[in-house]
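To start, the structure itself, in C-alpha coordinates.
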Amino acid sequence: MSNWRISPELSAGLKQSLSNTTVDQERPDNEREFLAYVTRPIPKYTRHKIAAILRPRQLWEGTVVECQNGSFVARVIDRTEPSNTDELVTFELDEVSPEDKKLVQPGASFYWTIGVERSPAGQIQNIDRVMFRRLPGWRASSVRDAEREAGSIAELLFSE
Amino acid sequence: MPEHTPEFSGSVIVLVGSFNPAIFQPEWFARNGLLPQGEVDSAELQVIHPHLCQFETESFTFQITTDRFTAATKPNTIAGPLQDLILGTFYVLEHTPVQAMGMNRVLHFAMESEEAWHRLGDKLAPKEPWNDILKGRPGMRNLDILTQRESPKGSSLTVKVQPSLLIQPGVYFEINDHYAASGSAGLKSMMEILRNQWETSQKKGEEIARHILEWAAA
(Lines give C-alpha, C1' and ligand atoms only; values in the text may rest on other atoms or scores of the structure.)
Protein backbone atom coordinates (compact mmCIF):
# COMPACT_ATOMS: atom_id res chain seq x y z
CA MET A 1 0.00 0.00 0.00
CA SER A 2 2.91 2.35 0.60
CA ASN A 3 3.26 3.34 -3.04
CA TRP A 4 -0.18 4.81 -3.53
CA ARG A 5 -0.70 8.51 -4.04
CA ILE A 6 -3.24 9.13 -1.26
CA SER A 7 -1.98 9.09 2.33
CA PRO A 8 -1.55 5.50 3.54
CA GLU A 9 -4.28 5.45 6.18
CA LEU A 10 -6.84 6.91 3.87
CA SER A 11 -5.85 5.05 0.79
CA ALA A 12 -6.65 1.74 2.42
CA GLY A 13 -10.01 2.94 3.68
CA LEU A 14 -10.89 5.03 0.67
CA LYS A 15 -9.49 2.68 -1.95
CA GLN A 16 -11.28 -0.21 -0.34
CA SER A 17 -14.39 1.96 -0.17
CA LEU A 18 -14.16 3.48 -3.67
CA SER A 19 -14.31 -0.02 -5.07
CA ASN A 20 -17.81 -0.47 -3.75
CA THR A 21 -19.67 2.70 -2.96
CA THR A 22 -22.86 3.21 -4.89
CA VAL A 23 -23.46 1.54 -8.24
CA ASP A 24 -19.87 0.55 -8.84
CA GLN A 25 -20.90 -1.89 -11.52
CA GLU A 26 -22.36 0.94 -13.57
CA ARG A 27 -19.15 2.90 -13.83
CA PRO A 28 -18.12 3.63 -17.41
CA ASP A 29 -14.80 2.35 -18.64
CA ASN A 30 -13.36 5.85 -19.02
CA GLU A 31 -13.77 6.47 -15.29
CA ARG A 32 -12.08 3.18 -14.53
CA GLU A 33 -9.16 4.50 -16.58
CA PHE A 34 -9.13 7.68 -14.52
CA LEU A 35 -9.24 5.74 -11.27
CA ALA A 36 -6.37 3.59 -12.52
CA TYR A 37 -4.48 6.80 -13.26
CA VAL A 38 -5.21 8.26 -9.85
CA THR A 39 -4.08 5.18 -7.97
CA ARG A 40 -1.03 4.44 -10.08
CA PRO A 41 2.25 3.93 -8.23
CA ILE A 42 4.20 7.19 -7.97
CA PRO A 43 7.73 8.07 -6.91
CA LYS A 44 8.36 8.14 -3.18
CA TYR A 45 9.24 11.82 -3.02
CA THR A 46 5.67 12.90 -3.83
CA ARG A 47 4.08 10.77 -1.13
CA HIS A 48 1.81 12.61 1.25
CA LYS A 49 3.14 12.55 4.79
CA ILE A 50 1.20 10.76 7.49
CA ALA A 51 -0.83 13.19 9.56
CA ALA A 52 -1.51 12.90 13.28
CA ILE A 53 -4.43 10.58 14.01
CA LEU A 54 -7.16 11.72 16.38
CA ARG A 55 -9.25 9.17 18.23
CA PRO A 56 -12.37 11.01 19.40
CA ARG A 57 -13.57 9.97 22.85
CA GLN A 58 -16.48 12.32 23.33
CA LEU A 59 -18.38 14.63 21.03
CA TRP A 60 -20.66 17.52 21.87
CA GLU A 61 -22.59 19.81 19.58
CA GLY A 62 -22.76 23.38 20.82
CA THR A 63 -24.71 26.52 20.02
CA VAL A 64 -23.36 29.92 21.00
CA VAL A 65 -25.72 31.65 23.41
CA GLU A 66 -23.77 34.73 24.39
CA CYS A 67 -20.50 36.38 23.37
CA GLN A 68 -18.41 38.04 26.08
CA ASN A 69 -15.08 39.79 26.10
CA GLY A 70 -12.59 37.05 25.17
CA SER A 71 -15.01 34.22 25.78
CA PHE A 72 -18.41 32.89 24.82
CA VAL A 73 -21.13 30.86 26.48
CA ALA A 74 -22.64 27.90 24.63
CA ARG A 75 -25.31 25.32 25.23
CA VAL A 76 -23.80 21.90 24.51
CA ILE A 77 -25.54 18.63 23.71
CA ASP A 78 -23.69 15.40 24.40
CA ARG A 79 -23.64 13.47 21.10
CA THR A 80 -21.74 10.54 22.58
CA GLU A 81 -24.20 10.03 25.44
CA PRO A 82 -27.45 11.65 24.29
CA SER A 83 -29.21 10.81 27.57
CA ASN A 84 -27.01 13.39 29.33
CA THR A 85 -28.69 16.72 29.90
CA ASP A 86 -27.67 19.84 27.96
CA GLU A 87 -25.15 22.07 29.71
CA LEU A 88 -24.03 25.68 29.52
CA VAL A 89 -20.27 25.93 29.07
CA THR A 90 -17.98 28.95 28.86
CA PHE A 91 -15.22 28.71 26.24
CA GLU A 92 -12.21 30.98 25.92
CA LEU A 93 -11.91 32.50 22.44
CA ASP A 94 -8.31 31.29 22.45
CA GLU A 95 -9.67 27.76 22.09
CA VAL A 96 -11.05 28.67 18.67
CA SER A 97 -8.85 28.68 15.56
CA PRO A 98 -8.18 32.16 14.14
CA GLU A 99 -10.26 31.37 11.03
CA ASP A 100 -13.25 30.24 13.06
CA LYS A 101 -13.21 33.29 15.38
CA LYS A 102 -15.23 35.35 12.90
CA LEU A 103 -17.95 32.67 13.05
CA VAL A 104 -18.41 33.06 16.81
CA GLN A 105 -21.75 34.81 17.26
CA PRO A 106 -25.03 33.96 18.98
CA GLY A 107 -26.76 31.09 17.18
CA ALA A 108 -23.57 29.74 15.58
CA SER A 109 -23.13 26.04 15.97
CA PHE A 110 -19.94 24.00 16.51
CA TYR A 111 -18.52 20.58 17.32
CA TRP A 112 -16.49 20.09 20.47
CA THR A 113 -14.39 16.95 20.46
CA ILE A 114 -12.28 15.49 23.24
CA GLY A 115 -9.92 12.77 22.22
CA VAL A 116 -6.45 11.33 22.05
CA GLU A 117 -4.13 12.27 19.23
CA ARG A 118 -1.27 10.09 18.08
CA SER A 119 1.48 11.87 16.17
CA PRO A 120 3.31 10.18 13.27
CA ALA A 121 6.19 9.63 15.72
CA GLY A 122 3.89 7.79 18.12
CA GLN A 123 3.47 10.56 20.72
CA ILE A 124 0.10 10.47 22.46
CA GLN A 125 -1.62 13.56 23.79
CA ASN A 126 -5.08 14.41 25.07
CA ILE A 127 -6.65 17.18 23.08
CA ASP A 128 -9.91 19.02 22.79
CA ARG A 129 -10.97 20.73 19.59
CA VAL A 130 -13.64 23.30 18.88
CA MET A 131 -14.68 23.37 15.23
CA PHE A 132 -17.35 25.79 14.02
CA ARG A 133 -19.85 24.51 11.49
CA ARG A 134 -19.81 26.18 8.09
CA LEU A 135 -23.39 26.15 7.00
CA PRO A 136 -24.66 28.39 4.21
CA GLY A 137 -27.04 31.18 5.15
CA TRP A 138 -30.63 31.21 4.00
CA ARG A 139 -31.14 32.15 0.37
CA ALA A 140 -33.71 34.93 -0.18
CA SER A 141 -35.81 32.59 -2.33
CA SER A 142 -35.83 29.97 0.46
CA VAL A 143 -37.03 32.59 2.95
CA ARG A 144 -39.78 33.63 0.52
CA ASP A 145 -40.82 29.96 0.04
CA ALA A 146 -40.95 29.45 3.81
CA GLU A 147 -43.01 32.61 4.26
CA ARG A 148 -45.40 31.49 1.54
CA GLU A 149 -45.77 28.06 3.16
CA ALA A 150 -46.30 29.62 6.59
CA GLY A 151 -48.93 31.91 5.06
CA SER A 152 -50.80 28.93 3.57
CA ILE A 153 -50.72 27.09 6.91
CA ALA A 154 -51.93 30.19 8.77
CA GLU A 155 -54.73 30.58 6.25
CA LEU A 156 -55.76 26.98 6.80
CA LEU A 157 -55.64 27.30 10.58
CA PHE A 158 -57.40 30.61 10.95
CA SER A 159 -59.99 30.43 8.20
CA GLU A 160 -63.43 29.66 9.50
CA MET B 1 -17.31 -8.75 26.48
CA PRO B 2 -15.17 -5.67 25.64
CA GLU B 3 -16.66 -3.30 23.10
CA HIS B 4 -14.94 -3.41 19.75
CA THR B 5 -13.38 -0.07 18.85
CA PRO B 6 -12.17 0.54 15.32
CA GLU B 7 -8.49 1.37 14.90
CA PHE B 8 -9.31 3.44 11.85
CA SER B 9 -12.67 4.75 10.76
CA GLY B 10 -13.94 7.11 8.14
CA SER B 11 -17.03 8.38 6.42
CA VAL B 12 -17.61 8.75 2.71
CA ILE B 13 -20.44 10.40 0.79
CA VAL B 14 -20.90 9.53 -2.87
CA LEU B 15 -23.32 11.31 -5.18
CA VAL B 16 -24.08 9.93 -8.62
CA GLY B 17 -25.24 12.44 -11.22
CA SER B 18 -23.74 15.01 -13.57
CA PHE B 19 -20.92 17.14 -12.23
CA ASN B 20 -18.42 19.60 -13.63
CA PRO B 21 -15.12 18.56 -11.98
CA ALA B 22 -13.45 21.81 -13.03
CA ILE B 23 -15.65 23.76 -10.59
CA PHE B 24 -14.63 21.82 -7.52
CA GLN B 25 -11.21 23.28 -6.87
CA PRO B 26 -10.18 23.97 -3.27
CA GLU B 27 -10.47 27.72 -3.72
CA TRP B 28 -14.13 27.35 -4.75
CA PHE B 29 -14.90 25.79 -1.34
CA ALA B 30 -13.20 28.69 0.48
CA ARG B 31 -14.93 31.30 -1.69
CA ASN B 32 -18.29 29.85 -0.74
CA GLY B 33 -17.44 29.71 2.96
CA LEU B 34 -17.50 25.91 3.03
CA LEU B 35 -13.88 25.37 4.07
CA PRO B 36 -11.53 27.65 6.02
CA GLN B 37 -9.11 29.57 3.78
CA GLY B 38 -6.13 28.16 5.70
CA GLU B 39 -7.23 24.60 5.03
CA VAL B 40 -7.66 25.39 1.35
CA ASP B 41 -4.26 27.11 1.13
CA SER B 42 -2.57 23.95 2.39
CA ALA B 43 -4.64 21.58 0.23
CA GLU B 44 -2.71 19.01 -1.74
CA LEU B 45 -3.86 19.05 -5.35
CA GLN B 46 -3.48 15.66 -6.92
CA VAL B 47 -5.30 15.81 -10.24
CA ILE B 48 -7.05 18.73 -11.89
CA HIS B 49 -8.45 17.72 -15.25
CA PRO B 50 -11.69 18.56 -17.11
CA HIS B 51 -12.93 15.05 -16.28
CA LEU B 52 -11.43 14.56 -12.86
CA CYS B 53 -10.57 16.67 -9.85
CA GLN B 54 -8.86 15.11 -6.85
CA PHE B 55 -7.35 16.79 -3.83
CA GLU B 56 -6.90 16.46 -0.09
CA THR B 57 -7.28 19.04 2.63
CA GLU B 58 -6.50 18.69 6.33
CA SER B 59 -9.96 17.23 6.99
CA PHE B 60 -11.24 15.78 3.71
CA THR B 61 -10.39 13.97 0.51
CA PHE B 62 -12.29 14.78 -2.68
CA GLN B 63 -12.62 12.97 -5.95
CA ILE B 64 -14.99 14.37 -8.55
CA THR B 65 -15.55 12.90 -11.99
CA THR B 66 -18.22 13.85 -14.50
CA ASP B 67 -20.68 11.38 -12.98
CA ARG B 68 -19.57 10.92 -9.36
CA PHE B 69 -18.86 13.26 -6.50
CA THR B 70 -16.98 11.57 -3.66
CA ALA B 71 -15.92 13.23 -0.43
CA ALA B 72 -14.38 11.41 2.51
CA THR B 73 -13.25 12.36 5.99
CA LYS B 74 -9.67 11.84 7.04
CA PRO B 75 -9.24 8.80 9.32
CA ASN B 76 -10.81 8.97 12.78
CA THR B 77 -12.27 12.43 12.40
CA ILE B 78 -15.87 13.17 13.29
CA ALA B 79 -18.46 12.69 10.57
CA GLY B 80 -20.60 15.79 11.14
CA PRO B 81 -18.43 18.26 9.19
CA LEU B 82 -18.64 16.04 6.08
CA GLN B 83 -22.43 16.21 6.21
CA ASP B 84 -22.25 20.01 6.59
CA LEU B 85 -19.82 20.26 3.69
CA ILE B 86 -22.01 18.30 1.29
CA LEU B 87 -25.21 20.04 2.37
CA GLY B 88 -23.47 23.41 1.90
CA THR B 89 -21.90 22.48 -1.43
CA PHE B 90 -25.18 21.41 -2.98
CA TYR B 91 -27.08 24.27 -1.41
CA VAL B 92 -24.83 26.48 -3.53
CA LEU B 93 -25.13 24.17 -6.57
CA GLU B 94 -28.84 23.65 -6.14
CA HIS B 95 -29.53 22.66 -9.77
CA THR B 96 -27.07 19.76 -9.95
CA PRO B 97 -28.73 16.66 -11.42
CA VAL B 98 -28.32 13.84 -8.90
CA GLN B 99 -29.67 10.32 -9.31
CA ALA B 100 -28.32 8.45 -6.30
CA MET B 101 -26.43 8.86 -3.07
CA GLY B 102 -24.37 6.55 -0.90
CA MET B 103 -23.66 7.31 2.75
CA ASN B 104 -20.78 5.11 3.73
CA ARG B 105 -18.99 4.13 6.92
CA VAL B 106 -15.60 2.44 6.67
CA LEU B 107 -14.06 0.73 9.68
CA HIS B 108 -10.85 -1.19 10.33
CA PHE B 109 -10.83 -3.37 13.45
CA ALA B 110 -7.83 -5.19 14.90
CA MET B 111 -8.44 -8.87 15.69
CA GLU B 112 -6.88 -10.26 18.86
CA SER B 113 -5.19 -13.13 17.01
CA GLU B 114 -4.82 -14.72 13.62
CA GLU B 115 -7.01 -17.54 14.90
CA ALA B 116 -9.84 -15.11 15.72
CA TRP B 117 -9.35 -13.50 12.31
CA HIS B 118 -9.73 -16.86 10.54
CA ARG B 119 -12.69 -17.75 12.76
CA LEU B 120 -14.55 -14.66 11.58
CA GLY B 121 -13.90 -15.51 7.92
CA ASP B 122 -14.82 -19.16 8.46
CA LYS B 123 -18.07 -18.27 10.19
CA LEU B 124 -19.07 -15.76 7.53
CA ALA B 125 -17.99 -18.01 4.66
CA PRO B 126 -17.73 -21.67 5.76
CA LYS B 127 -14.95 -23.54 3.98
CA GLU B 128 -16.49 -27.03 3.96
CA PRO B 129 -17.51 -26.83 0.29
CA TRP B 130 -13.99 -25.74 -0.65
CA ASN B 131 -11.70 -27.88 1.48
CA ASP B 132 -12.19 -31.01 -0.62
CA ILE B 133 -11.48 -29.32 -3.91
CA LEU B 134 -8.97 -26.57 -3.04
CA LYS B 135 -5.54 -27.31 -1.65
CA GLY B 136 -3.99 -25.22 1.12
CA ARG B 137 -5.92 -22.97 3.45
CA PRO B 138 -8.88 -21.31 1.64
CA GLY B 139 -9.67 -17.90 3.08
CA MET B 140 -12.37 -15.29 2.67
CA ARG B 141 -11.15 -12.28 0.70
CA ASN B 142 -14.42 -10.45 0.23
CA LEU B 143 -18.03 -10.77 1.26
CA ASP B 144 -20.86 -8.48 0.12
CA ILE B 145 -24.27 -8.72 1.72
CA LEU B 146 -26.97 -6.63 0.12
CA THR B 147 -30.38 -5.94 1.56
CA GLN B 148 -33.01 -4.14 -0.49
CA ARG B 149 -35.33 -1.95 1.54
CA GLU B 150 -38.97 -1.43 0.72
CA SER B 151 -38.85 2.21 1.65
CA PRO B 152 -37.70 4.57 0.34
CA LYS B 153 -38.01 2.94 -3.08
CA GLY B 154 -34.66 1.95 -4.59
CA SER B 155 -32.78 2.12 -1.32
CA SER B 156 -30.49 -0.62 -0.14
CA LEU B 157 -27.78 -1.40 2.37
CA THR B 158 -24.62 -3.24 1.41
CA VAL B 159 -22.13 -4.55 3.93
CA LYS B 160 -18.69 -5.44 2.66
CA VAL B 161 -16.28 -7.44 4.80
CA GLN B 162 -12.63 -7.92 3.82
CA PRO B 163 -9.30 -8.52 5.50
CA SER B 164 -7.98 -5.11 6.48
CA LEU B 165 -5.17 -3.74 4.36
CA LEU B 166 -4.05 -1.59 7.27
CA ILE B 167 -4.06 -3.91 10.26
CA GLN B 168 -2.85 -7.47 10.42
CA PRO B 169 -4.69 -9.41 11.59
CA GLY B 170 -7.59 -7.06 11.08
CA VAL B 171 -10.94 -6.81 9.41
CA TYR B 172 -12.40 -4.11 7.21
CA PHE B 173 -16.09 -3.28 7.16
CA GLU B 174 -17.71 -0.98 4.68
CA ILE B 175 -21.36 -0.15 5.04
CA ASN B 176 -22.98 1.49 2.03
CA ASP B 177 -26.36 3.06 2.71
CA HIS B 178 -27.66 3.66 -0.81
CA TYR B 179 -30.58 5.83 -1.92
CA ALA B 180 -31.91 6.31 -5.43
CA ALA B 181 -33.57 9.57 -6.38
CA SER B 182 -36.82 9.57 -8.25
CA GLY B 183 -38.28 12.28 -10.44
CA SER B 184 -36.94 15.75 -11.03
CA ALA B 185 -36.30 16.65 -7.37
CA GLY B 186 -33.32 14.29 -7.17
CA LEU B 187 -30.87 16.56 -5.40
CA LYS B 188 -33.47 17.95 -3.02
CA SER B 189 -34.62 14.48 -1.94
CA MET B 190 -31.03 13.26 -1.51
CA MET B 191 -30.10 16.29 0.60
CA GLU B 192 -33.19 15.76 2.72
CA ILE B 193 -32.09 12.19 3.39
CA LEU B 194 -28.54 13.33 4.12
CA ARG B 195 -29.82 15.97 6.56
CA ASN B 196 -32.13 13.58 8.40
CA GLN B 197 -30.40 10.20 8.15
CA TRP B 198 -26.67 10.83 8.24
CA GLU B 199 -26.09 10.36 11.95
CA THR B 200 -28.37 7.33 12.15
CA SER B 201 -26.75 5.80 9.09
CA GLN B 202 -23.23 6.24 10.50
CA LYS B 203 -24.23 4.74 13.84
CA LYS B 204 -26.00 1.86 12.11
CA GLY B 205 -22.79 1.09 10.21
CA GLU B 206 -20.83 0.74 13.43
CA GLU B 207 -23.62 -1.26 15.02
CA ILE B 208 -23.59 -3.77 12.15
CA ALA B 209 -19.80 -4.20 12.32
CA ARG B 210 -19.84 -4.66 16.10
CA HIS B 211 -22.71 -7.13 15.85
CA ILE B 212 -20.76 -9.30 13.38
CA LEU B 213 -17.57 -9.13 15.48
CA GLU B 214 -19.45 -10.12 18.64
CA TRP B 215 -21.31 -12.88 16.82
CA ALA B 216 -18.04 -14.28 15.45
CA ALA B 217 -16.39 -14.20 18.89
CA ALA B 218 -19.29 -15.95 20.64
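Every chain in the C-alpha coordinates has a letter given in the order shown (A, B, ...), and although residue numbers restart at 1 in each chain, ligands are simply numbered from 1 in the order shown.
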
Legend entry - Contact set, chain B to chain A: 7 Å, only C-alpha atoms, as a ChimeraX atom specification: /B:14,33-34,36,74-77,81,84,88,101-102,106,165-166,174,176,178

Deliver the residues from the most recent selection as a file, using all heavy atoms, as a CSV table (one decimal), in the first residue's frame.
chain,number,residue,atom,x,y,z
B,14,VAL,N,-21.0,9.6,-1.4
B,14,VAL,CA,-20.9,9.5,-2.9
B,14,VAL,C,-22.2,10.0,-3.5
B,14,VAL,O,-23.3,9.5,-3.1
B,14,VAL,CB,-20.6,8.1,-3.3
B,14,VAL,CG1,-20.5,8.0,-4.9
B,14,VAL,CG2,-19.3,7.6,-2.7
B,33,GLY,N,-17.4,29.8,1.5
B,33,GLY,CA,-17.4,29.7,3.0
B,33,GLY,C,-17.6,28.3,3.5
B,33,GLY,O,-18.1,28.1,4.6
B,34,LEU,N,-17.3,27.3,2.6
B,34,LEU,CA,-17.5,25.9,3.0
B,34,LEU,C,-16.3,25.3,3.7
B,34,LEU,O,-16.4,24.3,4.5
B,34,LEU,CB,-17.9,25.1,1.8
B,34,LEU,CG,-19.2,25.6,1.1
B,34,LEU,CD1,-19.3,25.0,-0.3
B,34,LEU,CD2,-20.4,25.2,1.9
B,36,PRO,N,-12.4,26.5,5.6
B,36,PRO,CA,-11.5,27.6,6.0
B,36,PRO,C,-10.4,27.9,5.0
B,36,PRO,O,-9.9,27.0,4.4
B,36,PRO,CB,-10.9,27.2,7.3
B,36,PRO,CG,-11.7,26.0,7.8
B,36,PRO,CD,-12.3,25.4,6.5
B,74,LYS,N,-11.0,12.4,6.7
B,74,LYS,CA,-9.7,11.8,7.0
B,74,LYS,C,-9.9,10.8,8.2
B,74,LYS,O,-10.9,10.9,8.9
B,74,LYS,CB,-8.7,12.9,7.5
B,74,LYS,CG,-8.2,13.8,6.3
B,74,LYS,CD,-7.3,13.0,5.4
B,74,LYS,CE,-6.8,13.7,4.2
B,74,LYS,NZ,-5.7,14.7,4.5
B,75,PRO,N,-9.0,9.9,8.3
B,75,PRO,CA,-9.2,8.8,9.3
B,75,PRO,C,-9.5,9.3,10.7
B,75,PRO,O,-8.9,10.3,11.2
B,75,PRO,CB,-7.9,8.0,9.3
B,75,PRO,CG,-7.3,8.3,8.0
B,75,PRO,CD,-7.7,9.7,7.7
B,76,ASN,N,-10.5,8.7,11.4
B,76,ASN,CA,-10.8,9.0,12.8
B,76,ASN,C,-11.2,10.4,13.1
B,76,ASN,O,-11.1,10.8,14.2
B,76,ASN,CB,-9.6,8.6,13.7
B,76,ASN,CG,-9.3,7.1,13.6
B,76,ASN,OD1,-10.1,6.4,13.0
B,76,ASN,ND2,-8.3,6.6,14.3
B,77,THR,N,-11.7,11.1,12.1
B,77,THR,CA,-12.3,12.4,12.4
B,77,THR,C,-13.8,12.3,12.5
B,77,THR,O,-14.3,11.3,12.1
B,77,THR,CB,-11.9,13.5,11.3
B,77,THR,OG1,-12.3,12.9,10.1
B,77,THR,CG2,-10.4,13.8,11.3
B,81,PRO,N,-18.9,17.2,10.1
B,81,PRO,CA,-18.4,18.3,9.2
B,81,PRO,C,-18.6,17.8,7.7
B,81,PRO,O,-18.8,18.6,6.9
B,81,PRO,CB,-17.0,18.5,9.6
B,81,PRO,CG,-16.9,18.2,11.0
B,81,PRO,CD,-17.9,17.0,11.2
B,84,ASP,N,-22.1,18.6,6.8
B,84,ASP,CA,-22.2,20.0,6.6
B,84,ASP,C,-21.7,20.4,5.2
B,84,ASP,O,-22.3,21.3,4.5
B,84,ASP,CB,-21.5,20.8,7.7
B,84,ASP,CG,-22.2,20.6,9.1
B,84,ASP,OD1,-23.3,20.2,9.1
B,84,ASP,OD2,-21.5,20.9,10.1
B,88,GLY,N,-23.8,22.0,2.3
B,88,GLY,CA,-23.5,23.4,1.9
B,88,GLY,C,-23.1,23.5,0.4
B,88,GLY,O,-23.5,24.4,-0.3
B,101,MET,N,-27.4,8.5,-4.1
B,101,MET,CA,-26.4,8.9,-3.1
B,101,MET,C,-26.1,7.7,-2.2
B,101,MET,O,-26.9,6.8,-1.9
B,101,MET,CB,-27.1,9.9,-2.2
B,101,MET,CG,-26.1,10.4,-1.0
B,101,MET,SD,-26.9,11.7,0.0
B,101,MET,CE,-28.2,10.8,0.7
B,102,GLY,N,-24.8,7.6,-1.8
B,102,GLY,CA,-24.4,6.5,-0.9
B,102,GLY,C,-23.8,7.2,0.3
B,102,GLY,O,-22.9,8.1,0.2
B,106,VAL,N,-16.7,3.4,6.8
B,106,VAL,CA,-15.6,2.4,6.7
B,106,VAL,C,-14.9,2.3,8.0
B,106,VAL,O,-14.6,3.3,8.7
B,106,VAL,CB,-14.6,2.8,5.5
B,106,VAL,CG1,-15.3,2.8,4.2
B,106,VAL,CG2,-14.0,4.2,5.8
B,165,LEU,N,-6.5,-4.0,5.0
B,165,LEU,CA,-5.2,-3.7,4.4
B,165,LEU,C,-4.2,-2.9,5.3
B,165,LEU,O,-3.1,-2.8,5.0
B,165,LEU,CB,-5.3,-3.0,3.0
B,165,LEU,CG,-6.1,-3.7,1.9
B,165,LEU,CD1,-6.3,-2.7,0.7
B,165,LEU,CD2,-5.5,-4.9,1.5
B,166,LEU,N,-4.8,-2.4,6.4
B,166,LEU,CA,-4.0,-1.6,7.3
B,166,LEU,C,-3.6,-2.3,8.5
B,166,LEU,O,-2.5,-2.0,9.0
B,166,LEU,CB,-4.9,-0.4,7.8
B,166,LEU,CG,-5.1,0.8,6.9
B,166,LEU,CD1,-6.0,1.8,7.6
B,166,LEU,CD2,-3.8,1.4,6.5
B,174,GLU,N,-17.3,-2.2,5.4
B,174,GLU,CA,-17.7,-1.0,4.7
B,174,GLU,C,-19.2,-1.1,4.5
B,174,GLU,O,-19.7,-2.1,4.0
B,174,GLU,CB,-17.0,-1.0,3.3
B,174,GLU,CG,-17.4,0.2,2.5
B,174,GLU,CD,-16.9,0.0,1.1
B,174,GLU,OE1,-15.7,-0.2,0.9
B,174,GLU,OE2,-17.7,0.1,0.1
B,176,ASN,N,-22.5,0.6,3.0
B,176,ASN,CA,-23.0,1.5,2.0
B,176,ASN,C,-24.5,1.6,2.1
B,176,ASN,O,-25.2,0.7,1.8
B,176,ASN,CB,-22.6,1.0,0.6
B,176,ASN,CG,-23.2,1.8,-0.5
B,176,ASN,OD1,-23.7,1.3,-1.4
B,176,ASN,ND2,-23.1,3.1,-0.4
B,178,HIS,N,-27.4,3.1,0.5
B,178,HIS,CA,-27.7,3.7,-0.8
B,178,HIS,C,-29.1,4.1,-1.0
B,178,HIS,O,-30.0,3.4,-0.6
B,178,HIS,CB,-27.3,2.6,-1.8
B,178,HIS,CG,-27.7,2.9,-3.2
B,178,HIS,ND1,-26.8,3.6,-4.1
B,178,HIS,CD2,-28.8,2.8,-3.9
B,178,HIS,CE1,-27.4,3.8,-5.2
B,178,HIS,NE2,-28.6,3.3,-5.2

Inset, instruction - Just the residues within 9 Å of Thr65 of chain B, please, counting only C-alpha atoms, with nothing from its chain fewer than 6 positions along; format it as a PyMOL selection string. - result: (chain A and resi 31+34) or (chain B and resi 18-21+50-54)

Inset, instruction - Would you return as a ChimeraX atom specification the members of segment 7-195 of chain B that DSSP assigns to alpha helix (DSSP H) on this structure's backbone? - result: /B:26-31,37-41,80-92,114-124,128-131,186-195

Legend entry - Separation of atom CA of Leu93 of chain B from atom CA of Met191 of chain B, in Å and rounded to one decimal: 11.8 Å

Inset, instruction - Please provide as a list in words all residues within 12 Å of Met140 of chain B, with the sequence filter that same-chain residues fewer than 5 positions apart are discarded (counting only C-alpha atoms). - result: Trp117, His118, Arg119, Leu120, Gly121, Asp122, Lys123, Leu124, Ala125, Pro126, Lys127, Trp130, Lys160, Val161, Gln162, Pro163, Ser164 and Val171 of chain B

Legend entry - Phe109 of chain B surroundings by only C-alpha atoms, 7 Å radius, close-in-sequence under 5 positions cut, as an MDAnalysis selection string: chainID B and resid 5:7 170:172

Inset, instruction - DSSP on the backbone, then: every residue of segment 55-133 of chain A marked strand (DSSP E or B), written as a VMD selection string. - result: chain A and resid 55 to 68 71 to 78 87 to 92 109 to 118 124 to 132

Legend entry - Computed interatomic separation between atom CA of Phe69 of chain B and atom CA of Gly17 of chain B (Å): 8.0 Å

Legend entry - Length of the atom CA of Ala140 of chain A to atom CA of Thr70 of chain B vector [Å]: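 Rounded to one decimal, the two atoms are 28.9 Å apart.
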
Legend entry - Spatial neighbours of Ile48 of chain B, 10 Å, only C-alpha atoms, chain gap at least 6 places, as a list in words: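 In the requested format, the answer is Pro21, Ala22, Phe24, Gln25, Gln54, Phe55, Gln63 and Ile64 of chain B.
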
Expected file contents, prior selection, N, CA and C atoms, as a tab-separated table (two decimals), in the first residue's frame:
chain	number	residue	atom	x	y	z
B	21	PRO	N	-16.27	18.65	-12.90
B	21	PRO	CA	-15.12	18.56	-11.98
B	21	PRO	C	-14.31	19.84	-11.90
B	22	ALA	N	-14.29	20.61	-13.01
B	22	ALA	CA	-13.45	21.81	-13.03
B	22	ALA	C	-13.89	22.85	-11.99
B	24	PHE	N	-14.90	22.21	-8.91
B	24	PHE	CA	-14.63	21.82	-7.52
B	24	PHE	C	-13.15	21.93	-7.15
B	25	GLN	N	-12.60	23.10	-7.29
B	25	GLN	CA	-11.21	23.28	-6.87
B	25	GLN	C	-11.23	23.81	-5.44
B	54	GLN	N	-9.14	15.84	-8.09
B	54	GLN	CA	-8.86	15.11	-6.85
B	54	GLN	C	-7.89	15.89	-5.99
B	55	PHE	N	-8.26	16.10	-4.74
B	55	PHE	CA	-7.35	16.79	-3.83
B	55	PHE	C	-7.69	16.42	-2.39
B	63	GLN	N	-12.84	13.48	-4.60
B	63	GLN	CA	-12.62	12.97	-5.95
B	63	GLN	C	-13.89	13.21	-6.74
B	64	ILE	N	-13.79	14.04	-7.77
B	64	ILE	CA	-14.99	14.37	-8.55
B	64	ILE	C	-14.73	14.02	-10.01
